[in-house]
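S.K.: File follows, model27.txt with compact mmCIF, C-alpha atoms and all ligand atoms:
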```txt
# COMPACT_ATOMS: atom_id res chain seq x y z
CA MET U 1 -37.29 -43.44 -17.03
CA SER U 2 -37.71 -41.76 -20.42
CA LYS U 3 -34.62 -41.01 -22.47
CA ARG U 4 -35.30 -37.28 -22.19
CA VAL U 5 -35.50 -37.28 -18.41
CA ALA U 6 -32.29 -39.34 -18.22
CA ALA U 7 -30.53 -36.86 -20.53
CA VAL U 8 -31.62 -33.93 -18.37
CA LEU U 9 -30.36 -35.71 -15.24
CA VAL U 10 -27.00 -36.46 -16.85
CA THR U 11 -26.64 -32.86 -18.03
CA GLY U 12 -27.53 -31.67 -14.54
CA ALA U 13 -24.90 -33.92 -13.00
CA MET U 14 -22.29 -32.65 -15.47
CA VAL U 15 -23.11 -29.05 -14.59
CA ALA U 16 -22.76 -29.91 -10.89
CA VAL U 17 -19.35 -31.51 -11.53
CA LEU U 18 -18.18 -28.53 -13.60
CA THR U 19 -19.32 -26.07 -10.95
CA ALA U 20 -17.52 -28.02 -8.24
CA CYS U 21 -14.29 -27.96 -10.29
CA GLY U 22 -14.54 -24.26 -10.95
CA SER U 23 -15.17 -23.43 -7.33
CA GLY U 24 -11.97 -24.98 -6.05
CA GLY U 25 -13.75 -27.17 -3.52
CA GLY U 26 -15.08 -24.81 -0.88
CA GLY U 27 -13.05 -23.06 1.79
CA SER U 28 -10.07 -25.38 1.64
CA ALA U 29 -6.90 -24.45 -0.20
CA ASP U 30 -6.89 -27.91 -1.74
CA LYS U 31 -8.49 -28.04 -5.16
CA GLY U 32 -10.00 -31.44 -4.53
CA SER U 33 -7.85 -33.04 -7.20
CA GLY U 34 -4.98 -33.12 -4.71
CA HIS U 35 -3.09 -29.98 -5.63
CA LYS U 36 -2.90 -26.70 -3.77
CA LEU U 37 -4.43 -23.40 -4.76
CA VAL U 38 -1.83 -21.36 -6.61
CA VAL U 39 -1.62 -17.59 -6.26
CA GLY U 40 0.58 -15.39 -8.41
CA PHE U 41 1.61 -12.33 -6.41
CA SER U 42 3.36 -9.37 -8.01
CA GLN U 43 4.92 -7.19 -5.35
CA VAL U 44 5.97 -3.55 -5.93
CA GLY U 45 9.55 -4.00 -4.74
CA ALA U 46 11.57 -3.78 -1.54
CA GLU U 47 11.65 0.00 -1.25
CA SER U 48 10.67 0.44 2.41
CA GLY U 49 10.26 -1.10 5.84
CA TRP U 50 6.53 -1.17 5.17
CA ARG U 51 7.09 -3.21 2.02
CA THR U 52 9.38 -5.70 3.75
CA ALA U 53 6.73 -6.27 6.42
CA ASN U 54 4.04 -6.62 3.76
CA THR U 55 6.02 -9.22 1.80
CA LYS U 56 6.72 -11.22 4.94
CA SER U 57 3.06 -11.13 5.91
CA VAL U 58 1.88 -12.35 2.49
CA GLN U 59 4.47 -15.14 2.37
CA GLU U 60 3.79 -16.36 5.91
CA SER U 61 0.03 -16.25 5.50
CA ALA U 62 0.18 -18.23 2.25
CA LYS U 63 2.22 -20.91 3.97
CA LYS U 64 -0.18 -21.03 6.91
CA ALA U 65 -3.18 -21.30 4.59
CA GLY U 66 -1.62 -24.09 2.52
CA ILE U 67 -1.58 -21.92 -0.59
CA GLU U 68 1.28 -22.04 -3.10
CA LEU U 69 2.58 -18.53 -3.68
CA LYS U 70 4.39 -17.57 -6.85
CA PHE U 71 6.12 -14.40 -5.72
CA SER U 72 7.58 -11.82 -8.07
CA ASP U 73 9.39 -8.59 -7.11
CA ALA U 74 8.90 -5.80 -9.69
CA GLN U 75 11.64 -3.50 -8.36
CA GLN U 76 9.26 -0.53 -8.55
CA LYS U 77 8.77 -0.94 -12.34
CA GLN U 78 5.35 -1.27 -13.96
CA GLU U 79 6.77 -3.13 -16.98
CA ASN U 80 8.06 -5.85 -14.63
CA GLN U 81 4.64 -6.18 -13.03
CA ILE U 82 2.96 -6.50 -16.42
CA LYS U 83 5.46 -9.22 -17.38
CA ALA U 84 4.85 -11.05 -14.10
CA ILE U 85 1.07 -10.94 -14.55
CA ARG U 86 1.40 -12.27 -18.12
CA SER U 87 3.56 -15.11 -16.87
CA PHE U 88 1.02 -15.93 -14.14
CA ILE U 89 -1.66 -16.10 -16.84
CA GLN U 90 0.49 -18.47 -18.89
CA GLN U 91 1.07 -20.64 -15.85
CA LYS U 92 -2.71 -20.73 -15.28
CA VAL U 93 -2.53 -19.77 -11.61
CA ASP U 94 -5.85 -19.83 -9.72
CA VAL U 95 -5.79 -16.21 -8.56
CA ILE U 96 -3.57 -13.23 -9.34
CA ALA U 97 -2.95 -10.71 -6.57
CA PHE U 98 -0.85 -7.60 -7.00
CA SER U 99 0.04 -4.28 -5.53
CA PRO U 100 0.14 -1.90 -8.51
CA VAL U 101 3.17 0.39 -8.41
CA VAL U 102 1.26 3.19 -10.21
CA GLU U 103 -2.47 3.76 -10.70
CA SER U 104 -2.72 4.01 -14.50
CA GLY U 105 -2.08 1.74 -17.43
CA TRP U 106 -3.41 -1.64 -16.31
CA ASP U 107 -6.48 -2.19 -18.46
CA THR U 108 -4.84 -4.26 -21.21
CA VAL U 109 -3.14 -6.79 -18.97
CA LEU U 110 -6.12 -7.02 -16.61
CA LYS U 111 -8.32 -7.71 -19.62
CA GLU U 112 -5.98 -10.57 -20.54
CA ALA U 113 -6.41 -12.05 -17.05
CA LYS U 114 -10.17 -11.67 -17.31
CA ASP U 115 -10.26 -13.39 -20.70
CA ALA U 116 -8.28 -16.26 -19.16
CA HIS U 117 -10.89 -16.41 -16.35
CA ILE U 118 -8.30 -15.73 -13.65
CA PRO U 119 -9.69 -13.51 -10.90
CA VAL U 120 -7.52 -10.56 -9.83
CA ILE U 121 -7.33 -9.13 -6.31
CA LEU U 122 -5.68 -5.75 -5.72
CA THR U 123 -3.76 -5.48 -2.48
CA ASP U 124 -2.44 -2.30 -0.87
CA ARG U 125 -2.61 0.04 -3.90
CA ALA U 126 -5.43 0.89 -6.28
CA VAL U 127 -5.71 1.18 -10.05
CA ASP U 128 -7.70 3.89 -11.85
CA SER U 129 -9.42 1.52 -14.31
CA LYS U 130 -12.97 2.56 -15.10
CA ASP U 131 -13.95 -1.04 -15.82
CA GLU U 132 -14.69 -2.55 -12.41
CA SER U 133 -15.05 -6.04 -13.86
CA LEU U 134 -11.25 -6.18 -14.25
CA TYR U 135 -10.71 -7.07 -10.60
CA VAL U 136 -12.83 -8.68 -7.90
CA SER U 137 -11.71 -6.82 -4.80
CA PHE U 138 -9.35 -4.18 -3.47
CA LEU U 139 -7.84 -4.75 -0.02
CA GLY U 140 -5.86 -1.92 1.54
CA SER U 141 -5.70 1.41 3.33
CA ASP U 142 -7.53 4.64 2.67
CA PHE U 143 -4.60 6.86 1.66
CA VAL U 144 -6.66 10.04 1.37
CA GLU U 145 -7.70 9.55 4.97
CA GLU U 146 -4.05 9.09 5.98
CA GLY U 147 -3.07 12.37 4.31
CA LYS U 148 -5.97 14.07 6.06
CA LYS U 149 -4.86 12.80 9.45
CA ALA U 150 -1.38 14.24 8.85
CA GLY U 151 -2.87 17.59 7.82
CA GLU U 152 -5.30 17.69 10.75
CA TRP U 153 -2.43 17.17 13.17
CA LEU U 154 -0.61 20.11 11.62
CA VAL U 155 -3.66 22.35 11.90
CA LYS U 156 -3.89 21.58 15.63
CA GLU U 157 -0.15 21.83 16.23
CA TYR U 158 -0.05 25.34 14.73
CA ALA U 159 -3.44 26.53 16.00
CA ALA U 160 -1.83 29.27 18.09
CA ASN U 161 0.52 30.47 15.33
CA SER U 162 -0.53 33.13 12.89
CA GLY U 163 2.71 33.46 10.89
CA ASP U 164 3.50 31.47 7.77
CA VAL U 165 4.26 27.79 8.21
CA ASN U 166 6.65 26.68 5.47
CA ILE U 167 6.21 23.02 4.57
CA VAL U 168 8.38 20.80 2.42
CA GLN U 169 6.83 17.60 1.13
CA LEU U 170 8.57 14.34 0.24
CA GLU U 171 6.20 12.60 -2.13
CA GLY U 172 6.00 8.87 -2.70
CA THR U 173 6.52 7.20 -6.08
CA THR U 174 5.14 9.44 -8.83
CA GLY U 175 1.78 8.21 -10.07
CA SER U 176 1.26 5.76 -7.19
CA ALA U 177 -2.03 5.73 -5.30
CA PRO U 178 -0.44 6.47 -1.89
CA ALA U 179 1.53 9.45 -3.29
CA ASN U 180 -1.49 10.90 -5.09
CA ASP U 181 -3.89 10.37 -2.20
CA ARG U 182 -1.65 11.32 0.71
CA LYS U 183 -0.87 14.55 -1.11
CA SER U 184 -4.51 15.40 -1.81
CA GLY U 185 -5.76 14.39 1.66
CA PHE U 186 -3.13 16.59 3.30
CA ALA U 187 -3.87 19.52 0.97
CA ASP U 188 -7.55 19.15 1.76
CA ALA U 189 -7.07 19.25 5.53
CA THR U 190 -4.82 22.34 5.43
CA LYS U 191 -6.42 24.33 2.61
CA GLY U 192 -8.66 26.39 4.91
CA GLU U 193 -5.63 28.18 6.37
CA PRO U 194 -3.43 30.18 4.01
CA LYS U 195 -0.59 30.29 6.55
CA PHE U 196 0.27 26.73 5.53
CA LYS U 197 2.54 27.00 2.53
CA VAL U 198 4.01 24.01 0.71
CA VAL U 199 7.20 25.71 -0.46
CA ALA U 200 8.75 22.64 -2.10
CA SER U 201 7.43 19.21 -3.03
CA GLN U 202 9.28 16.43 -4.79
CA THR U 203 9.31 12.67 -5.05
CA GLY U 204 11.67 10.62 -2.90
CA ASP U 205 10.30 7.38 -4.36
CA PHE U 206 9.44 6.00 -0.89
CA THR U 207 13.13 5.21 -0.18
CA ARG U 208 15.57 6.36 2.51
CA ALA U 209 18.33 7.20 0.02
CA LYS U 210 16.12 9.41 -2.14
CA GLY U 211 14.46 10.95 0.92
CA LYS U 212 17.87 12.03 2.16
CA GLU U 213 18.99 13.31 -1.23
CA VAL U 214 15.85 15.38 -1.85
CA MET U 215 15.89 16.77 1.69
CA GLN U 216 19.50 17.88 1.17
CA ALA U 217 18.33 19.81 -1.90
CA PHE U 218 15.41 21.32 0.02
CA LEU U 219 17.75 22.47 2.79
CA LYS U 220 19.95 24.19 0.22
CA SER U 221 17.17 25.85 -1.76
CA GLN U 222 14.84 26.92 1.09
CA SER U 223 15.83 29.59 3.59
CA LYS U 224 13.10 28.68 6.10
CA ILE U 225 11.62 25.21 6.58
CA ASP U 226 9.23 24.72 9.51
CA VAL U 227 7.73 21.34 8.69
CA LEU U 228 8.55 18.24 6.70
CA TYR U 229 5.62 16.12 5.54
CA ALA U 230 6.92 12.76 4.29
CA HIS U 231 4.61 10.31 2.51
CA ASN U 232 6.37 7.43 4.27
CA ASP U 233 8.69 6.72 7.18
CA ASP U 234 11.69 5.63 5.14
CA MET U 235 11.86 9.01 3.38
CA ALA U 236 11.43 10.75 6.75
CA LEU U 237 14.30 8.67 8.18
CA GLY U 238 16.54 9.58 5.23
CA ALA U 239 15.57 13.24 5.63
CA ILE U 240 16.45 13.11 9.34
CA GLN U 241 20.03 12.24 8.38
CA ALA U 242 20.14 15.18 5.97
CA ILE U 243 18.75 17.56 8.60
CA GLU U 244 21.27 16.40 11.21
CA GLU U 245 24.15 16.66 8.76
CA ALA U 246 23.05 20.24 8.06
CA GLY U 247 23.45 20.95 11.79
CA LYS U 248 19.74 21.16 12.58
CA LYS U 249 17.58 19.25 15.04
CA PRO U 250 14.87 17.09 13.44
CA GLY U 251 11.63 17.26 15.42
CA THR U 252 12.60 20.63 16.94
CA ASP U 253 14.05 22.98 14.29
CA ILE U 254 12.00 21.20 11.65
CA LYS U 255 8.86 19.38 12.75
CA ILE U 256 8.25 16.08 10.99
CA VAL U 257 4.98 14.32 10.22
CA SER U 258 5.09 11.01 8.39
CA VAL U 259 3.07 7.96 7.39
CA ASP U 260 3.43 4.15 7.97
CA GLY U 261 4.29 3.63 11.64
CA VAL U 262 7.23 1.25 11.23
CA LYS U 263 9.50 0.36 14.14
CA ASP U 264 12.46 2.48 13.01
CA ALA U 265 10.21 5.53 12.87
CA PHE U 266 8.90 4.76 16.37
CA THR U 267 12.51 4.64 17.58
CA ALA U 268 13.12 8.05 15.97
CA MET U 269 9.93 9.30 17.64
CA SER U 270 11.12 8.09 21.03
CA GLN U 271 14.22 10.23 20.42
CA GLY U 272 12.08 13.26 19.59
CA LYS U 273 12.97 13.28 15.90
CA ILE U 274 9.51 12.66 14.41
CA ASN U 275 6.51 14.50 15.84
CA TYR U 276 3.56 12.54 14.50
CA ASP U 277 3.06 9.31 12.56
CA VAL U 278 -0.05 8.15 10.74
CA GLU U 279 -0.32 4.38 10.72
CA CYS U 280 -0.59 2.32 7.54
CA ASN U 281 -0.94 -1.39 8.21
CA PRO U 282 1.18 -3.70 6.01
CA LEU U 283 -0.05 -6.95 7.57
CA LEU U 284 -2.50 -7.84 4.81
CA GLY U 285 -1.52 -11.49 4.32
CA ASP U 286 -4.24 -13.28 6.31
CA GLN U 287 -7.02 -11.17 4.82
CA LEU U 288 -5.63 -11.72 1.34
CA MET U 289 -5.50 -15.52 1.69
CA ASP U 290 -9.01 -15.48 3.06
CA LEU U 291 -10.17 -13.54 0.02
CA VAL U 292 -8.37 -15.94 -2.33
CA LYS U 293 -10.20 -18.92 -0.86
CA LYS U 294 -13.55 -17.19 -0.97
CA VAL U 295 -13.09 -16.04 -4.55
CA LYS U 296 -12.13 -19.55 -5.65
CA ALA U 297 -15.13 -20.97 -3.77
CA GLY U 298 -17.35 -18.70 -5.84
CA GLU U 299 -18.40 -16.68 -2.81
CA GLN U 300 -19.34 -13.05 -3.10
CA VAL U 301 -16.57 -10.84 -1.66
CA PRO U 302 -16.68 -7.11 -0.87
CA ARG U 303 -15.33 -4.88 -3.67
CA ARG U 304 -13.44 -2.78 -1.15
CA ILE U 305 -11.91 -3.83 2.17
CA LYS U 306 -10.34 -1.02 4.15
CA THR U 307 -7.60 -1.56 6.69
CA GLU U 308 -8.12 -0.27 10.22
CA GLU U 309 -5.38 2.07 11.40
CA GLY U 310 -4.55 4.74 13.96
CA THR U 311 -2.16 7.61 14.60
CA PHE U 312 0.80 7.96 16.96
CA THR U 313 2.21 10.77 19.05
CA PRO U 314 5.81 10.33 20.31
CA GLU U 315 4.48 9.18 23.70
CA GLN U 316 2.21 6.59 22.10
CA ALA U 317 4.98 5.40 19.76
CA THR U 318 7.42 5.03 22.65
CA ALA U 319 4.88 2.93 24.56
CA ALA U 320 4.09 0.79 21.50
CA LEU U 321 7.72 0.25 20.48
CA PRO U 322 8.52 -2.91 22.50
CA ASN U 323 5.63 -4.82 20.93
CA ARG U 324 5.69 -3.33 17.43
CA GLN U 325 5.67 -6.17 14.89
CA TYR U 326 7.14 -4.29 11.93
O1 LIG U 401 3.39 3.62 2.69
C1 LIG U 401 5.36 2.89 1.61
C2 LIG U 401 5.56 1.83 0.61
O2 LIG U 401 1.77 1.35 -0.78
C3 LIG U 401 1.07 1.81 1.40
O3 LIG U 401 4.39 1.86 -0.16
C4 LIG U 401 2.18 1.46 0.52
C5 LIG U 401 3.37 2.39 0.60
C6 LIG U 401 3.95 2.60 1.96
O4 LIG U 401 6.71 1.89 -0.05
O5 LIG U 401 6.26 2.81 2.66
```
Would you kindly transcribe this structure into structure tokens?

M.R.:
Amino acid sequence: MSKRVAAVLVTGAMVAVLTACGSGGGGSADKGSGHKLVVGFSQVGAESGWRTANTKSVQESAKKAGIELKFSDAQQKQENQIKAIRSFIQQKVDVIAFSPVVESGWDTVLKEAKDAHIPVILTDRAVDSKDESLYVSFLGSDFVEEGKKAGEWLVKEYAANSGDVNIVQLEGTTGSAPANDRKSGFADATKGEPKFKVVASQTGDFTRAKGKEVMQAFLKSQSKIDVLYAHNDDMALGAIQAIEEAGKKPGTDIKIVSVDGVKDAFTAMSQGKINYDVECNPLLGDQLMDLVKKVKAGEQVPRRIKTEEGTFTPEQATAALPNRQY
């Protein structure tokens, strides 16, 4: 064998070894060198029943998949998420996954992850970065579609009415993808009919406490409220308390349409207090761990994976309640 051919063979073998190292050893969570795949996960917070179910799903799925999860709770603050991502980069995790609290302002830190060759997967919420090379995939719901479903229900519910329908809206966290998109999807579905009037709209930050507080203010400032549209169930549940304390019947005096489909909301639906719920599935853990393995194995993954979800009437919610997982 000539020296040149031998050199080429050696170089080829080195490339093969390097590629194998970089790929993380196929579909297994074991990196070949004996240690587990490590994922840094920056969660939004613990603001809602949806979020609690999402956290549980991610933690359980990581365990099942044999993946080490470094979990960080940002308490609904972007600066905390940026800090967590920077610390994951320093710790040289294999993959970073996060659910961005708001849509804007991520380019710098995502660029830092990219420069460190750490792939980023977005779960649940989107970012508005123009540079698509900053993350490999986005796994989560279509929030515009969810808002549309809420609006379409309203259009049907009030098909026979010609008078004004006064709507108050409890928005999610300001600047977050689900708040922006659920608002625009709903507006889109109802815009054809001028009788639908959003008379007040304010953020309740996706929490029960804020939902209650803002609803109390709405009840004081508005003389006629026909419908409450809440961007999530926890705010709707807080608002229900405010409505009851004001001596009104939720679901009857004020119709309520909400998003998420968590158990507590289904219970309220079975009591006639919520009229329609658009489902948003928090159980993203298994799909996320699957993506992590594929990304580390160097496999091509879809840029966008949408979650399948339905809608619930009170009858459907009552029937689903005994088996509802979250
Ligand atoms: O609807 C809400 C949570 O991002 C889809 O965040 C999620 C939303 C969910 O706080 O309850």

S.K.: Please identify every polymer residue within 10 Å of ligand LIG 401 (chain U), using only C-alpha atoms and all ligand atoms, and present the set as an MDAnalysis selection string.

M.R.: chainID U and resid 44:54 76 99:102 123:126 140:143 146 172:173 176:179 182 205:208 230:235 258:262 278:282

S.K.: Counting all atoms listed in the file, which residue out of U:Phe218, U:Phe98, U:Phe312, U:Phe196 sits closest to Val165 in chain U?

M.R.: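 Of U:Phe218, U:Phe98, U:Phe312, U:Phe196, the one nearest Val165 in chain U, counting all atoms listed in the file, is U:Phe196.
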
S.K.: So how far away is CA of Thr252 in chain U from CA of Gly147 in chain U, in Å?

M.R.: 21.8 Å

S.K.: Skipping near chain neighbours, those fewer than 2 positions away, what residues fall within 9 Å of Gly272 in chain U using only C-alpha atoms, listed as a PyMOL selection string?

M.R.: chain U and resi 250-252+267-270+274-275+314

S.K.: So what do you get for CA of Lys220 in chain U versus CA of Lys197 in chain U, distance-wise?

M.R.: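 So the two atoms, CA of Lys220 in chain U and CA of Lys197 in chain U, lie 17.8 Å apart.
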
S.K.: Any idea what the distance is between CA of Lys255 in chain U and CA of Leu228 in chain U?

M.R.: 6.2 Å

S.K.: Please rebuild range 66-77 of chain U with all heavy atoms and give the result as an mmCIF file, in the coordinates of the input.

M.R.:
```
data_model
loop_
_atom_site.group_PDB
_atom_site.id
_atom_site.type_symbol
_atom_site.label_atom_id
_atom_site.label_comp_id
_atom_site.auth_asym_id
_atom_site.auth_seq_id
_atom_site.Cartn_x
_atom_site.Cartn_y
_atom_site.Cartn_z
ATOM 1 N N GLY U 66 -1.825 -22.980 3.446
ATOM 2 C CA GLY U 66 -1.620 -24.090 2.520
ATOM 3 C C GLY U 66 -1.778 -23.688 1.069
ATOM 4 O O GLY U 66 -2.209 -24.481 0.227
ATOM 5 N N ILE U 67 -1.451 -22.434 0.778
ATOM 6 C CA ILE U 67 -1.580 -21.920 -0.590
ATOM 7 C C ILE U 67 -0.183 -21.777 -1.196
ATOM 8 O O ILE U 67 0.736 -21.300 -0.531
ATOM 9 C CB ILE U 67 -2.308 -20.550 -0.573
ATOM 10 C CG1 ILE U 67 -3.785 -20.768 -0.224
ATOM 11 C CG2 ILE U 67 -2.164 -19.822 -1.904
ATOM 12 C CD1 ILE U 67 -4.584 -19.503 -0.031
ATOM 13 N N GLU U 68 -0.031 -22.212 -2.439
ATOM 14 C CA GLU U 68 1.280 -22.040 -3.100
ATOM 15 C C GLU U 68 1.370 -20.635 -3.662
ATOM 16 O O GLU U 68 0.511 -20.192 -4.427
ATOM 17 C CB GLU U 68 1.420 -23.072 -4.232
ATOM 18 C CG GLU U 68 2.790 -22.987 -4.893
ATOM 19 C CD GLU U 68 2.926 -23.888 -6.107
ATOM 20 O OE1 GLU U 68 2.224 -24.918 -6.189
ATOM 21 O OE2 GLU U 68 3.735 -23.535 -6.987
ATOM 22 N N LEU U 69 2.422 -19.926 -3.263
ATOM 23 C CA LEU U 69 2.580 -18.530 -3.680
ATOM 24 C C LEU U 69 3.702 -18.421 -4.705
ATOM 25 O O LEU U 69 4.841 -18.792 -4.440
ATOM 26 C CB LEU U 69 2.929 -17.684 -2.443
ATOM 27 C CG LEU U 69 2.916 -16.175 -2.641
ATOM 28 C CD1 LEU U 69 1.486 -15.650 -2.739
ATOM 29 C CD2 LEU U 69 3.636 -15.475 -1.477
ATOM 30 N N LYS U 70 3.342 -17.912 -5.882
ATOM 31 C CA LYS U 70 4.390 -17.570 -6.850
ATOM 32 C C LYS U 70 4.662 -16.092 -6.681
ATOM 33 O O LYS U 70 3.817 -15.265 -7.013
ATOM 34 C CB LYS U 70 3.913 -17.877 -8.268
ATOM 35 C CG LYS U 70 3.774 -19.363 -8.526
ATOM 36 C CD LYS U 70 3.461 -19.646 -9.980
ATOM 37 C CE LYS U 70 3.208 -21.124 -10.209
ATOM 38 N NZ LYS U 70 4.403 -21.957 -10.046
ATOM 39 N N PHE U 71 5.823 -15.774 -6.119
ATOM 40 C CA PHE U 71 6.120 -14.400 -5.720
ATOM 41 C C PHE U 71 7.067 -13.751 -6.717
ATOM 42 O O PHE U 71 8.079 -14.311 -7.095
ATOM 43 C CB PHE U 71 6.778 -14.407 -4.334
ATOM 44 C CG PHE U 71 7.081 -13.039 -3.803
ATOM 45 C CD1 PHE U 71 6.137 -12.344 -3.050
ATOM 46 C CD2 PHE U 71 8.310 -12.439 -4.059
ATOM 47 C CE1 PHE U 71 6.416 -11.080 -2.574
ATOM 48 C CE2 PHE U 71 8.593 -11.161 -3.579
ATOM 49 C CZ PHE U 71 7.644 -10.489 -2.834
ATOM 50 N N SER U 72 6.720 -12.528 -7.129
ATOM 51 C CA SER U 72 7.580 -11.820 -8.070
ATOM 52 C C SER U 72 7.791 -10.378 -7.617
ATOM 53 O O SER U 72 6.831 -9.682 -7.292
ATOM 54 C CB SER U 72 6.916 -11.884 -9.451
ATOM 55 O OG SER U 72 7.577 -11.051 -10.351
ATOM 56 N N ASP U 73 9.046 -9.943 -7.560
ATOM 57 C CA ASP U 73 9.390 -8.590 -7.110
ATOM 58 C C ASP U 73 9.626 -7.702 -8.334
ATOM 59 O O ASP U 73 10.507 -7.973 -9.142
ATOM 60 C CB ASP U 73 10.675 -8.683 -6.250
ATOM 61 C CG ASP U 73 11.200 -7.321 -5.816
ATOM 62 O OD1 ASP U 73 10.831 -6.288 -6.429
ATOM 63 O OD2 ASP U 73 11.996 -7.284 -4.860
ATOM 64 N N ALA U 74 8.846 -6.636 -8.482
ATOM 65 C CA ALA U 74 8.900 -5.800 -9.690
ATOM 66 C C ALA U 74 9.936 -4.682 -9.620
ATOM 67 O O ALA U 74 10.080 -3.925 -10.578
ATOM 68 C CB ALA U 74 7.522 -5.210 -9.966
ATOM 69 N N GLN U 75 10.626 -4.562 -8.516
ATOM 70 C CA GLN U 75 11.640 -3.500 -8.360
ATOM 71 C C GLN U 75 11.113 -2.129 -8.778
ATOM 72 O O GLN U 75 11.774 -1.387 -9.496
ATOM 73 C CB GLN U 75 12.890 -3.876 -9.135
ATOM 74 C CG GLN U 75 13.465 -5.172 -8.594
ATOM 75 C CD GLN U 75 14.725 -5.617 -9.287
ATOM 76 O OE1 GLN U 75 14.920 -5.341 -10.462
ATOM 77 N NE2 GLN U 75 15.576 -6.313 -8.559
ATOM 78 N N GLN U 76 9.902 -1.835 -8.342
ATOM 79 C CA GLN U 76 9.260 -0.530 -8.550
ATOM 80 C C GLN U 76 9.033 -0.214 -10.042
ATOM 81 O O GLN U 76 8.940 0.956 -10.398
ATOM 82 C CB GLN U 76 10.070 0.595 -7.906
ATOM 83 C CG GLN U 76 10.144 0.508 -6.379
ATOM 84 C CD GLN U 76 9.517 1.714 -5.718
ATOM 85 O OE1 GLN U 76 8.312 1.921 -5.794
ATOM 86 N NE2 GLN U 76 10.314 2.546 -5.068
ATOM 87 N N LYS U 77 8.962 -1.211 -10.896
ATOM 88 C CA LYS U 77 8.770 -0.940 -12.340
ATOM 89 C C LYS U 77 7.486 -1.593 -12.842
ATOM 90 O O LYS U 77 7.303 -2.804 -12.739
ATOM 91 C CB LYS U 77 9.958 -1.477 -13.137
ATOM 92 C CG LYS U 77 11.225 -0.681 -12.929
ATOM 93 C CD LYS U 77 12.210 -0.920 -14.071
ATOM 94 C CE LYS U 77 13.484 -0.147 -13.857
ATOM 95 N NZ LYS U 77 14.365 -0.788 -12.852
#
```
